[in-house]
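**Q** Handing over final.txt, compact mmCIF, C-alpha atoms.
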```txt
# COMPACT_ATOMS: atom_id res chain seq x y z
CA MET A 1 107.17 117.07 67.75
CA PRO A 2 109.64 116.93 70.65
CA ARG A 3 108.27 115.56 73.86
CA VAL A 4 109.19 115.99 77.50
CA VAL A 5 110.01 112.82 79.37
CA VAL A 6 109.50 112.76 83.12
CA ASP A 7 111.06 109.89 85.03
CA VAL A 8 109.69 109.34 88.52
CA MET A 9 111.54 107.12 90.98
CA LEU A 10 110.92 106.37 94.65
CA LYS A 11 113.56 108.06 96.78
CA PRO A 12 116.42 105.68 97.62
CA GLU A 13 115.44 105.50 101.29
CA ILE A 14 111.83 104.50 100.51
CA LEU A 15 111.25 100.76 100.29
CA ASP A 16 110.28 99.69 96.76
CA PRO A 17 108.35 96.46 97.31
CA GLN A 18 107.64 96.05 93.59
CA GLY A 19 111.33 96.25 92.72
CA GLN A 20 112.15 93.94 95.58
CA ALA A 21 109.61 91.38 94.38
CA VAL A 22 111.24 91.42 90.95
CA ALA A 23 114.71 91.14 92.44
CA ASN A 24 113.55 88.14 94.48
CA ALA A 25 112.15 86.48 91.34
CA LEU A 26 115.31 86.85 89.28
CA PRO A 27 117.07 83.74 90.66
CA ARG A 28 114.19 81.71 89.23
CA LEU A 29 115.30 82.98 85.80
CA GLY A 30 118.80 81.86 86.60
CA VAL A 31 119.98 85.44 87.22
CA SER A 32 122.10 85.54 90.32
CA ASP A 33 124.29 88.63 89.83
CA VAL A 34 121.68 91.39 90.37
CA ALA A 35 122.07 93.23 93.65
CA SER A 36 118.89 95.30 93.55
CA VAL A 37 116.01 96.43 91.33
CA ARG A 38 114.14 99.72 91.61
CA ILE A 39 110.99 100.30 89.57
CA GLY A 40 109.83 103.76 88.54
CA ARG A 41 107.46 105.41 86.13
CA ARG A 42 108.15 107.14 82.81
CA ILE A 43 105.72 109.80 81.63
CA GLU A 44 105.85 111.40 78.17
CA ILE A 45 104.29 114.80 77.68
CA GLU A 46 103.61 116.39 74.30
CA PHE A 47 102.73 120.07 74.30
CA THR A 48 100.54 121.46 71.55
CA GLY A 49 103.15 124.15 70.88
CA GLU A 50 106.78 124.42 71.88
CA PRO A 51 107.68 122.08 74.76
CA ASP A 52 107.83 124.06 77.99
CA LEU A 53 110.25 122.56 80.51
CA ASP A 54 109.20 124.89 83.30
CA ARG A 55 105.55 123.93 82.88
CA ALA A 56 106.56 120.28 82.74
CA ARG A 57 108.53 120.67 85.95
CA GLU A 58 105.50 122.20 87.65
CA ILE A 59 103.25 119.38 86.41
CA ALA A 60 105.74 116.82 87.66
CA ASP A 61 106.17 118.48 91.04
CA LYS A 62 102.46 118.95 91.71
CA LEU A 63 100.88 115.92 90.09
CA LEU A 64 103.12 113.31 88.51
CA ALA A 65 105.43 112.80 91.49
CA ASN A 66 104.85 113.02 95.20
CA PRO A 67 107.99 114.85 96.37
CA VAL A 68 107.53 113.40 99.86
CA ILE A 69 108.51 109.95 98.61
CA GLU A 70 109.62 110.37 94.99
CA ASP A 71 112.31 112.11 92.93
CA PHE A 72 111.86 113.05 89.29
CA THR A 73 113.98 114.10 86.35
CA ILE A 74 112.91 115.97 83.22
CA ARG A 75 114.43 115.90 79.75
CA LEU A 76 113.54 116.71 76.18
CA VAL A 77 113.59 114.00 73.52
CA GLU A 78 112.69 113.96 69.84
CA ALA A 79 109.63 111.85 69.10
CA ASP A 80 111.60 109.34 67.05
CA GLU A 81 114.38 109.08 69.55
CA THR A 82 114.44 106.13 71.92
CA ALA A 83 115.18 106.49 75.59
CA ASP A 84 118.15 104.16 75.13
CA ALA A 85 119.84 106.51 72.70
CA ARG A 86 119.73 109.32 75.24
CA SER A 87 120.99 107.49 78.25
CA MET B 1 70.62 121.81 116.75
CA THR B 2 71.84 118.69 114.97
CA ALA B 3 75.38 118.86 113.68
CA ARG B 4 75.70 118.52 109.92
CA VAL B 5 78.59 116.35 108.76
CA GLY B 6 79.52 116.37 105.08
CA VAL B 7 80.59 113.17 103.33
CA VAL B 8 82.34 113.72 100.01
CA THR B 9 81.72 111.47 97.04
CA PHE B 10 84.53 111.36 94.49
CA PRO B 11 84.26 109.26 91.33
CA GLY B 12 85.40 105.88 92.69
CA SER B 13 84.49 106.48 96.34
CA LEU B 14 82.89 103.33 97.71
CA ASP B 15 82.53 103.84 101.46
CA ASP B 16 80.67 107.14 101.24
CA GLY B 17 77.33 105.42 101.96
CA ASP B 18 78.76 103.67 105.01
CA ALA B 19 80.35 106.88 106.25
CA ALA B 20 77.05 108.75 105.91
CA ARG B 21 75.29 105.94 107.78
CA ALA B 22 77.90 106.08 110.57
CA VAL B 23 77.36 109.83 110.85
CA ARG B 24 73.61 109.27 111.19
CA ILE B 25 73.99 106.49 113.77
CA ALA B 26 76.30 108.76 115.76
CA GLY B 27 73.47 111.29 115.94
CA ALA B 28 74.40 113.84 113.30
CA GLU B 29 72.83 114.74 109.98
CA PRO B 30 74.89 113.43 107.04
CA VAL B 31 75.16 115.82 104.10
CA ARG B 32 76.33 114.34 100.82
CA LEU B 33 78.95 116.53 99.11
CA TRP B 34 80.00 116.15 95.47
CA HIS B 35 83.65 116.38 94.37
CA GLY B 36 82.86 118.83 91.58
CA ASP B 37 80.97 121.27 93.82
CA PRO B 38 83.23 123.60 95.83
CA ASP B 39 80.35 124.60 98.14
CA LEU B 40 80.43 122.88 101.55
CA HIS B 41 76.74 123.74 102.13
CA GLY B 42 77.35 124.95 105.66
CA VAL B 43 78.51 121.63 107.14
CA ASP B 44 80.16 121.55 110.57
CA ALA B 45 82.64 118.77 109.73
CA VAL B 46 83.71 116.70 106.73
CA VAL B 47 84.50 113.02 106.17
CA LEU B 48 86.60 111.94 103.17
CA PRO B 49 85.57 108.32 102.71
CA GLY B 50 87.43 105.23 101.56
CA GLY B 51 87.51 103.94 98.01
CA PHE B 52 89.52 104.60 94.89
CA SER B 53 89.02 108.25 94.00
CA TYR B 54 89.43 108.86 90.27
CA GLY B 55 90.42 105.18 90.03
CA ASP B 56 93.70 105.85 91.89
CA TYR B 57 95.15 105.60 88.39
CA LEU B 58 98.10 107.89 89.04
CA ARG B 59 98.76 107.62 92.79
CA CYS B 60 96.19 107.14 95.53
CA GLY B 61 94.58 110.49 96.27
CA ALA B 62 96.79 112.43 93.85
CA ILE B 63 94.01 113.54 91.54
CA ALA B 64 91.31 113.94 94.19
CA ARG B 65 93.52 116.58 95.77
CA PHE B 66 92.68 118.87 92.85
CA ALA B 67 88.91 118.34 93.02
CA PRO B 68 86.98 121.62 93.39
CA VAL B 69 85.58 120.49 96.75
CA MET B 70 89.11 119.89 98.07
CA GLU B 71 90.19 123.47 97.44
CA THR B 72 87.42 124.58 99.80
CA ILE B 73 88.10 121.81 102.31
CA VAL B 74 91.81 122.65 102.50
CA ASP B 75 91.01 126.27 103.35
CA ALA B 76 88.29 125.31 105.83
CA ALA B 77 90.53 122.70 107.49
CA GLN B 78 93.25 125.29 107.95
CA GLY B 79 90.57 127.41 109.61
CA GLY B 80 89.69 124.62 112.07
CA LEU B 81 86.95 122.62 110.33
CA PRO B 82 87.09 119.02 111.63
CA VAL B 83 88.07 116.72 108.74
CA LEU B 84 88.39 112.93 108.96
CA GLY B 85 90.05 111.07 106.09
CA ILE B 86 89.49 107.32 106.10
CA CYS B 87 91.78 105.10 103.99
CA ASN B 88 91.61 106.76 100.54
CA GLY B 89 90.58 109.89 102.45
CA PHE B 90 93.83 109.63 104.47
CA GLN B 91 95.76 109.35 101.20
CA ILE B 92 93.98 112.45 99.88
CA LEU B 93 94.80 114.43 103.04
CA CYS B 94 98.50 113.57 102.65
CA GLU B 95 98.48 114.45 98.95
CA ALA B 96 96.76 117.75 99.82
CA HIS B 97 99.52 118.45 102.40
CA LEU B 98 97.00 118.74 105.23
CA LEU B 99 98.87 115.84 106.83
CA PRO B 100 102.60 115.01 106.51
CA GLY B 101 104.06 111.88 104.96
CA ALA B 102 102.62 109.56 102.34
CA LEU B 103 100.94 106.18 101.95
CA THR B 104 102.69 103.64 99.75
CA ARG B 105 102.17 100.07 98.56
CA ASN B 106 101.84 97.59 101.40
CA GLN B 107 105.29 96.25 102.18
CA HIS B 108 104.27 92.67 101.35
CA LEU B 109 102.40 93.85 98.21
CA HIS B 110 99.22 92.03 99.28
CA PHE B 111 95.84 93.63 99.78
CA ARG B 112 94.93 93.16 103.44
CA ASN B 113 91.45 92.98 104.87
CA ARG B 114 90.86 91.86 108.40
CA ASP B 115 89.58 93.03 111.75
CA GLN B 116 92.41 94.96 113.35
CA VAL B 117 93.16 95.98 116.91
CA LEU B 118 94.31 99.59 117.28
CA ARG B 119 95.57 101.44 120.29
CA ILE B 120 94.29 105.01 120.57
CA GLU B 121 97.40 107.06 121.33
CA SER B 122 95.96 110.56 121.24
CA VAL B 123 92.56 111.60 122.56
CA GLY B 124 93.28 115.29 122.00
CA THR B 125 91.82 115.39 118.48
CA ALA B 126 88.38 116.36 117.18
CA TRP B 127 87.83 112.72 116.19
CA THR B 128 89.11 110.77 119.21
CA ASN B 129 88.10 112.77 122.28
CA VAL B 130 85.59 110.19 123.60
CA PHE B 131 88.22 107.45 123.88
CA GLN B 132 90.48 106.76 126.86
CA PRO B 133 94.23 107.19 126.28
CA GLY B 134 95.67 103.76 125.45
CA GLN B 135 92.22 102.28 124.76
CA GLU B 136 92.27 99.34 122.36
CA VAL B 137 89.57 99.21 119.68
CA LEU B 138 88.67 96.65 117.01
CA ILE B 139 88.14 98.12 113.54
CA PRO B 140 88.33 96.59 110.05
CA VAL B 141 91.32 97.38 107.86
CA LYS B 142 91.23 96.89 104.08
CA ASN B 143 93.89 98.42 101.89
CA GLY B 144 96.55 97.77 99.29
CA GLU B 145 98.41 101.05 99.77
CA GLY B 146 98.30 101.68 103.47
CA CYS B 147 101.98 101.72 104.36
CA TYR B 148 102.59 105.04 106.11
CA VAL B 149 106.00 106.56 105.41
CA ALA B 150 107.66 109.83 106.35
CA ASP B 151 111.23 110.91 106.96
CA THR B 152 112.70 110.34 110.40
CA ALA B 153 112.45 114.00 111.39
CA THR B 154 108.74 114.06 110.58
CA LEU B 155 108.11 110.82 112.46
CA ASP B 156 110.00 112.13 115.48
CA GLN B 157 108.02 115.35 115.35
CA LEU B 158 104.70 113.48 115.16
CA GLU B 159 105.70 111.42 118.21
CA ALA B 160 107.01 114.41 120.16
CA GLU B 161 103.85 116.44 119.55
CA GLY B 162 101.51 113.55 120.35
CA ARG B 163 100.17 113.49 116.80
CA VAL B 164 100.26 109.72 116.33
CA VAL B 165 96.54 109.12 116.87
CA ALA B 166 96.41 105.31 116.63
CA ARG B 167 98.84 102.42 116.22
CA TYR B 168 98.36 98.85 115.02
CA VAL B 169 98.43 96.26 117.79
CA GLY B 170 98.93 92.52 117.30
CA GLY B 171 100.51 92.75 113.86
CA ASN B 172 101.12 95.54 111.39
CA PRO B 173 98.94 94.88 108.31
CA ASN B 174 100.90 96.95 105.80
CA GLY B 175 104.38 97.75 107.08
CA SER B 176 103.57 101.29 108.23
CA GLN B 177 106.51 102.95 109.93
CA ARG B 178 106.30 102.79 113.73
CA ASP B 179 103.00 100.87 113.38
CA ILE B 180 101.20 104.14 112.62
CA ALA B 181 97.52 103.71 111.74
CA ALA B 182 96.33 107.30 112.19
CA ILE B 183 97.83 110.77 112.56
CA THR B 184 96.59 114.31 113.08
CA ASN B 185 97.65 117.82 112.11
CA ALA B 186 99.15 120.24 114.62
CA ALA B 187 95.74 121.71 115.52
CA GLY B 188 94.09 118.30 116.02
CA ASN B 189 91.11 118.99 113.76
CA VAL B 190 92.35 116.97 110.76
CA VAL B 191 92.79 113.22 111.27
CA GLY B 192 93.79 110.58 108.72
CA ILE B 193 93.16 106.94 109.58
CA MET B 194 93.87 103.89 107.44
CA PRO B 195 91.41 101.39 109.06
CA HIS B 196 87.67 101.92 108.65
CA PRO B 197 85.75 103.11 111.73
CA GLU B 198 82.60 103.50 109.60
CA HIS B 199 82.49 99.71 109.23
CA ALA B 200 82.36 99.19 113.01
CA VAL B 201 79.22 101.04 114.03
CA GLU B 202 76.58 98.27 114.05
CA ALA B 203 76.60 94.72 115.44
CA LEU B 204 75.05 93.36 112.24
CA THR B 205 77.75 94.54 109.87
CA GLY B 206 80.88 95.13 111.95
CA PRO B 207 83.15 93.36 114.41
CA SER B 208 82.44 95.93 117.15
CA LEU B 209 80.82 99.30 117.78
CA ASP B 210 84.22 100.88 118.45
CA GLY B 211 84.21 102.92 115.26
CA LEU B 212 81.27 104.99 116.45
CA GLY B 213 83.58 106.80 118.90
CA PHE B 214 85.31 108.63 116.03
CA PHE B 215 82.02 110.14 114.87
CA THR B 216 80.61 110.90 118.33
CA SER B 217 83.95 112.59 119.13
CA ALA B 218 83.34 115.07 116.31
CA LEU B 219 79.90 115.87 117.71
CA LYS B 220 81.32 116.37 121.19
CA HIS B 221 84.05 118.57 119.70
CA LEU B 222 81.48 120.68 117.85
CA VAL B 223 79.39 121.23 120.97
CA GLY B 224 82.48 122.54 122.72
CA ALA B 225 83.64 124.62 119.75
CA PRO B 226 82.78 128.32 119.57
CA ALA B 227 79.90 128.95 117.19
```
Using structure tokens, write down the structure that the file contains.
**A**
Amino acid sequence: MPRVVVDVMLKPEILDPQGQAVANALPRLGVSDVASVRIGRRIEIEFTGEPDLDRAREIADKLLANPVIEDFTIRLVEADETADARS
Amino acid sequence: MTARVGVVTFPGSLDDGDAARAVRIAGAEPVRLWHGDPDLHGVDAVVLPGGFSYGDYLRCGAIARFAPVMETIVDAAQGGLPVLGICNGFQILCEAHLLPGALTRNQHLHFRNRDQVLRIESVGTAWTNVFQPGQEVLIPVKNGEGCYVADTATLDQLEAEGRVVARYVGGNPNGSQRDIAAITNAAGNVVGIMPHPEHAVEALTGPSLDGLGFFTSALKHLVGAPA
């Protein structure tokens, strides 16, 4: 069953303290060449029937993301497909 | 006739009892409202209390916005019903688009609880009319996601229209833009505040009695409002 993946990210101009905390911790791992880290949220939706991108977009816009501070993207993936393979 | 002020309980609300008590101490009759019941039972004003509605599992206030009681409150608020959102209630009001902007993780990522000085910037709202402009009050703050953000145009508009209701003084506990602690809608009947006035209504349990002014303001507003 294909699923709809919604990726929610804070808008670039909104401070991401979680990402910043991770970025600040990286030198302790010996990583010194990372300029910034932004942390978002990935949501996977499986419809009971055919995946409906319009419905998914509405769900994302009204509930999953707060458009005041967040952007989101929507895409269709096969259940056995990894996110890496798509990107 | 005693004013009736509704206090909504969502699953995860934890300051609803304190809010109801503050309403009673201020001289009104508290009416407990349930999130799943769209009926406001004829109340004259509504308080959305602090806590973690629906566990805040998605985003603070994001799910509470769709509670049956909120559908009614949004309509009533647009019609002039005084609504005060405290902490989680403020987050719900933003998610419901009754107030602009959003509340995000505290800039330093730490939960903050302390007694906080605020400066009352606007006394033209249903919830602040008993204060003096510029009056400083001492009210507890306790939040993990209390950082108020909005785009520059919105912030400028809030300032220009006198809709910044209170600002943090003596240190900003969460990184809120322009030290904003409370804002109001254009009509002045809906106010969202991050600190907790309901915890400053009795000498035994609070740092001051300053919080009472928010609740007595609503009563004064209702007396002056057309029936």
**Q** At a cut-off of 12 Å around the point (73.5, 106.8, 110.5) (file coordinates), what residues fall inside when counting all atoms listed in the file? I'd like the answer as a VMD selection string.
**A** chain B and resid 4 to 5 7 16 to 31 198 to 202 212 215 to 216
**Q** Would you list the contacts of segment 69-77 of chain A as a VMD selection string, taking every protein, DNA or RNA residue within 10 Å and counting all atoms listed in the file, but skipping same-chain residues closer than 5 positions in sequence?
**A** (chain A and resid 1 to 15 40 to 45 51 to 54 56 to 57 60 to 61 64 82 to 83 85 to 86) or (chain B and resid 101 to 104 149 to 151)
**Q** Take the selection from the previous step and output its residues with C-alpha atoms, as an mmCIF file, in the frame of the given file.
**A**
```
data_model
loop_
_atom_site.group_PDB
_atom_site.id
_atom_site.type_symbol
_atom_site.label_atom_id
_atom_site.label_comp_id
_atom_site.auth_asym_id
_atom_site.auth_seq_id
_atom_site.Cartn_x
_atom_site.Cartn_y
_atom_site.Cartn_z
ATOM 1 C CA MET A 1 107.170 117.070 67.750
ATOM 2 C CA PRO A 2 109.640 116.930 70.650
ATOM 3 C CA ARG A 3 108.270 115.560 73.860
ATOM 4 C CA VAL A 4 109.190 115.990 77.500
ATOM 5 C CA VAL A 5 110.010 112.820 79.370
ATOM 6 C CA VAL A 6 109.500 112.760 83.120
ATOM 7 C CA ASP A 7 111.060 109.890 85.030
ATOM 8 C CA VAL A 8 109.690 109.340 88.520
ATOM 9 C CA MET A 9 111.540 107.120 90.980
ATOM 10 C CA LEU A 10 110.920 106.370 94.650
ATOM 11 C CA LYS A 11 113.560 108.060 96.780
ATOM 12 C CA PRO A 12 116.420 105.680 97.620
ATOM 13 C CA GLU A 13 115.440 105.500 101.290
ATOM 14 C CA ILE A 14 111.830 104.500 100.510
ATOM 15 C CA LEU A 15 111.250 100.760 100.290
ATOM 16 C CA GLY A 40 109.830 103.760 88.540
ATOM 17 C CA ARG A 41 107.460 105.410 86.130
ATOM 18 C CA ARG A 42 108.150 107.140 82.810
ATOM 19 C CA ILE A 43 105.720 109.800 81.630
ATOM 20 C CA GLU A 44 105.850 111.400 78.170
ATOM 21 C CA ILE A 45 104.290 114.800 77.680
ATOM 22 C CA PRO A 51 107.680 122.080 74.760
ATOM 23 C CA ASP A 52 107.830 124.060 77.990
ATOM 24 C CA LEU A 53 110.250 122.560 80.510
ATOM 25 C CA ASP A 54 109.200 124.890 83.300
ATOM 26 C CA ALA A 56 106.560 120.280 82.740
ATOM 27 C CA ARG A 57 108.530 120.670 85.950
ATOM 28 C CA ALA A 60 105.740 116.820 87.660
ATOM 29 C CA ASP A 61 106.170 118.480 91.040
ATOM 30 C CA LEU A 64 103.120 113.310 88.510
ATOM 31 C CA THR A 82 114.440 106.130 71.920
ATOM 32 C CA ALA A 83 115.180 106.490 75.590
ATOM 33 C CA ALA A 85 119.840 106.510 72.700
ATOM 34 C CA ARG A 86 119.730 109.320 75.240
ATOM 35 C CA GLY B 101 104.060 111.880 104.960
ATOM 36 C CA ALA B 102 102.620 109.560 102.340
ATOM 37 C CA LEU B 103 100.940 106.180 101.950
ATOM 38 C CA THR B 104 102.690 103.640 99.750
ATOM 39 C CA VAL B 149 106.000 106.560 105.410
ATOM 40 C CA ALA B 150 107.660 109.830 106.350
ATOM 41 C CA ASP B 151 111.230 110.910 106.960
#
```
**Q** I'd like the contact shell of Ser208 of chain B - 12 Å cut-off, all atoms listed in the file, skipping same-chain residues fewer than 5 positions apart - returned as a ChimeraX atom specification.
**A** /B:115-117,136-140,196-203,213
**Q** Hey, can you check how far atom CA of Gly42 of chain B sits from atom CA of Val191 of chain B?
**A** 20.2 Å
**Q** Find the residues around segment 65-80 of chain B up to 7 Å (all atoms listed in the file counted), leave out those fewer than 2 positions away in its own chain, and share them as a ChimeraX atom specification.
**A** /B:35-39,61-63,82-83,92,95-96,189-190
**Q** With C-alpha atoms retained, export the selected residues as a PDB file, in the coordinates of the input.
**A**
```
ATOM      1  CA  HIS B  35      83.650 116.380  94.370  1.00  0.00           C
ATOM      2  CA  GLY B  36      82.860 118.830  91.580  1.00  0.00           C
ATOM      3  CA  ASP B  37      80.970 121.270  93.820  1.00  0.00           C
ATOM      4  CA  PRO B  38      83.230 123.600  95.830  1.00  0.00           C
ATOM      5  CA  ASP B  39      80.350 124.600  98.140  1.00  0.00           C
ATOM      6  CA  GLY B  61      94.580 110.490  96.270  1.00  0.00           C
ATOM      7  CA  ALA B  62      96.790 112.430  93.850  1.00  0.00           C
ATOM      8  CA  ILE B  63      94.010 113.540  91.540  1.00  0.00           C
ATOM      9  CA  PRO B  82      87.090 119.020 111.630  1.00  0.00           C
ATOM     10  CA  VAL B  83      88.070 116.720 108.740  1.00  0.00           C
ATOM     11  CA  ILE B  92      93.980 112.450  99.880  1.00  0.00           C
ATOM     12  CA  GLU B  95      98.480 114.450  98.950  1.00  0.00           C
ATOM     13  CA  ALA B  96      96.760 117.750  99.820  1.00  0.00           C
ATOM     14  CA  ASN B 189      91.110 118.990 113.760  1.00  0.00           C
ATOM     15  CA  VAL B 190      92.350 116.970 110.760  1.00  0.00           C
TER      16      VAL B 190
END
```
**Q** Might you pull out every residue within 9 Å of Val37 of chain A, with all atoms listed in the file counted and same-chain residues fewer than 3 positions away left off, and present them as a list of chain:residue names?
**A**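 Skipping anything fewer than 3 positions along the chain leaves A:Asp16, A:Gln18, A:Gly19, A:Gln20, A:Ala21, A:Val22, A:Ala23, A:Val34.
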**Q** May I ask for the distance between atom CA of Leu40 of chain B and atom CA of Ala64 of chain B, given in Å to one decimal place?
**A**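 Distance reported for this atom pair: 15.9 Å.
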**Q** Between atom CA of Ala45 of chain B and atom CA of Gly85 of chain B, what is the spacing in Å?
**A**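 According to the coordinates, atom CA of Gly85 of chain B and atom CA of Ala45 of chain B are separated by 11.3 Å.
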**Q** So which residues fall inside 6 Å of (97.5, 109.9, 122.3) if we count only C-alpha atoms? Mind giving them as an MDAnalysis selection string?
**A** chainID B and resid 121:123 133 162 165
**Q** Of the residues A:Val31, A:Ala25, A:Ala65, A:Ile59, which is the one nearest to chain B, using all atoms listed in the file?
**A** A:Ala65
**Q** Using only C-alpha atoms, can you tell me which of A:Arg28, A:Arg55, A:Lys62, A:Arg38 comes closest to chain B?
**A**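 Using only C-alpha atoms, the shortest distance to chain B belongs to A:Lys62.
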**Q** Go through B:Ala182, B:Leu14, B:Ile120, B:Cys147 one by one, measure the shortest atom-to-atom distance of each to chain A using all atoms listed in the file, and give the residue with the smallest value.
**A**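 Closest to chain A of all the choices is B:Cys147.
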**Q** Quick one: residues within 10 Å of Arg114 of chain B, all atoms listed in the file counted, chain neighbours fewer than 4 positions away excluded, as a ChimeraX atom specification?
**A** /B:139-143,173,195,207
**Q** Keeping C-alpha atoms for every residue in the selection just given, could you write it to a file as a PDB file, in the coordinates of the input?
**A**
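New file out-v5.pdb:
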```pdb
ATOM      1  CA  ILE B 139      88.140  98.120 113.540  1.00  0.00           C
ATOM      2  CA  PRO B 140      88.330  96.590 110.050  1.00  0.00           C
ATOM      3  CA  VAL B 141      91.320  97.380 107.860  1.00  0.00           C
ATOM      4  CA  LYS B 142      91.230  96.890 104.080  1.00  0.00           C
ATOM      5  CA  ASN B 143      93.890  98.420 101.890  1.00  0.00           C
ATOM      6  CA  PRO B 173      98.940  94.880 108.310  1.00  0.00           C
ATOM      7  CA  PRO B 195      91.410 101.390 109.060  1.00  0.00           C
ATOM      8  CA  PRO B 207      83.150  93.360 114.410  1.00  0.00           C
TER       9      PRO B 207
END
```
**Q** Which of these, A:Asp33, A:Ile39, A:Glu78, A:Leu63, has the shortest distance to chain B once you count all atoms listed in the file?
**A**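 For chain B, the nearest of the given residues is A:Leu63.
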**Q** Using only C-alpha atoms, which of the listed residues (A:Glu58, A:Pro17, A:Gly30, A:Thr48) sits closest to chain B?
**A**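 Between A:Glu58, A:Pro17, A:Gly30, A:Thr48, the residue approaching chain B most closely is A:Pro17.
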**Q** From the list B:Arg167, B:Gln177, B:Leu58, B:Cys94, which residue is nearest Thr152 of chain B when using all atoms listed in the file?
**A**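 Looking only at the distances to Thr152 of chain B, the closest residue turns out to be B:Gln177.
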**Q** For the structure just given, write the atoms of segment 27-40 of chain A, namely N, CA, C and O atoms, as a JSON list (two decimals), in the first residue's frame.
**A**
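Result went into part_3.json, see below:
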```json
[["chain", "number", "residue", "atom", "x", "y", "z"],
["A", 27, "PRO", "N", 30.64, 19.30, 17.90],
["A", 27, "PRO", "CA", 32.09, 19.34, 18.15],
["A", 27, "PRO", "C", 32.53, 18.32, 19.20],
["A", 27, "PRO", "O", 33.64, 17.80, 19.13],
["A", 28, "ARG", "N", 31.65, 17.98, 20.13],
["A", 28, "ARG", "CA", 32.02, 16.99, 21.14],
["A", 28, "ARG", "C", 32.17, 15.60, 20.53],
["A", 28, "ARG", "O", 32.76, 14.71, 21.11],
["A", 29, "LEU", "N", 31.56, 15.41, 19.33],
["A", 29, "LEU", "CA", 31.75, 14.15, 18.61],
["A", 29, "LEU", "C", 32.95, 14.22, 17.68],
["A", 29, "LEU", "O", 33.22, 13.30, 16.92],
["A", 30, "GLY", "N", 33.60, 15.36, 17.71],
["A", 30, "GLY", "CA", 34.72, 15.56, 16.80],
["A", 30, "GLY", "C", 34.30, 16.05, 15.43],
["A", 30, "GLY", "O", 35.08, 16.05, 14.49],
["A", 31, "VAL", "N", 33.05, 16.45, 15.28],
["A", 31, "VAL", "CA", 32.55, 16.96, 13.99],
["A", 31, "VAL", "C", 32.67, 18.47, 14.00],
["A", 31, "VAL", "O", 32.03, 19.15, 14.83],
["A", 32, "SER", "N", 33.47, 19.00, 13.12],
["A", 32, "SER", "CA", 33.69, 20.45, 13.16],
["A", 32, "SER", "C", 33.30, 21.14, 11.85],
["A", 32, "SER", "O", 33.44, 22.34, 11.72],
["A", 33, "ASP", "N", 32.82, 20.36, 10.86],
["A", 33, "ASP", "CA", 32.55, 20.96, 9.56],
["A", 33, "ASP", "C", 31.04, 21.05, 9.25],
["A", 33, "ASP", "O", 30.63, 21.07, 8.11],
["A", 34, "VAL", "N", 30.20, 21.11, 10.30],
["A", 34, "VAL", "CA", 28.76, 21.28, 10.09],
["A", 34, "VAL", "C", 28.39, 22.72, 10.41],
["A", 34, "VAL", "O", 28.67, 23.22, 11.50],
["A", 35, "ALA", "N", 27.78, 23.37, 9.44],
["A", 35, "ALA", "CA", 27.45, 24.79, 9.63],
["A", 35, "ALA", "C", 26.14, 24.97, 10.38],
["A", 35, "ALA", "O", 26.02, 25.88, 11.20],
["A", 36, "SER", "N", 25.15, 24.12, 10.11],
["A", 36, "SER", "CA", 23.89, 24.27, 10.83],
["A", 36, "SER", "C", 23.09, 22.97, 10.76],
["A", 36, "SER", "O", 23.32, 22.14, 9.88],
["A", 37, "VAL", "N", 22.19, 22.80, 11.71],
["A", 37, "VAL", "CA", 21.31, 21.63, 11.76],
["A", 37, "VAL", "C", 19.89, 22.13, 11.96],
["A", 37, "VAL", "O", 19.64, 22.99, 12.80],
["A", 38, "ARG", "N", 18.97, 21.63, 11.16],
["A", 38, "ARG", "CA", 17.55, 21.96, 11.36],
["A", 38, "ARG", "C", 16.82, 20.64, 11.56],
["A", 38, "ARG", "O", 17.03, 19.68, 10.83],
["A", 39, "ILE", "N", 15.96, 20.58, 12.56],
["A", 39, "ILE", "CA", 15.23, 19.35, 12.87],
["A", 39, "ILE", "C", 13.76, 19.53, 12.54],
["A", 39, "ILE", "O", 13.14, 20.52, 12.93],
["A", 40, "GLY", "N", 13.20, 18.55, 11.82],
["A", 40, "GLY", "CA", 11.79, 18.60, 11.45],
["A", 40, "GLY", "C", 11.09, 17.34, 11.87],
["A", 40, "GLY", "O", 11.58, 16.57, 12.71]]
```
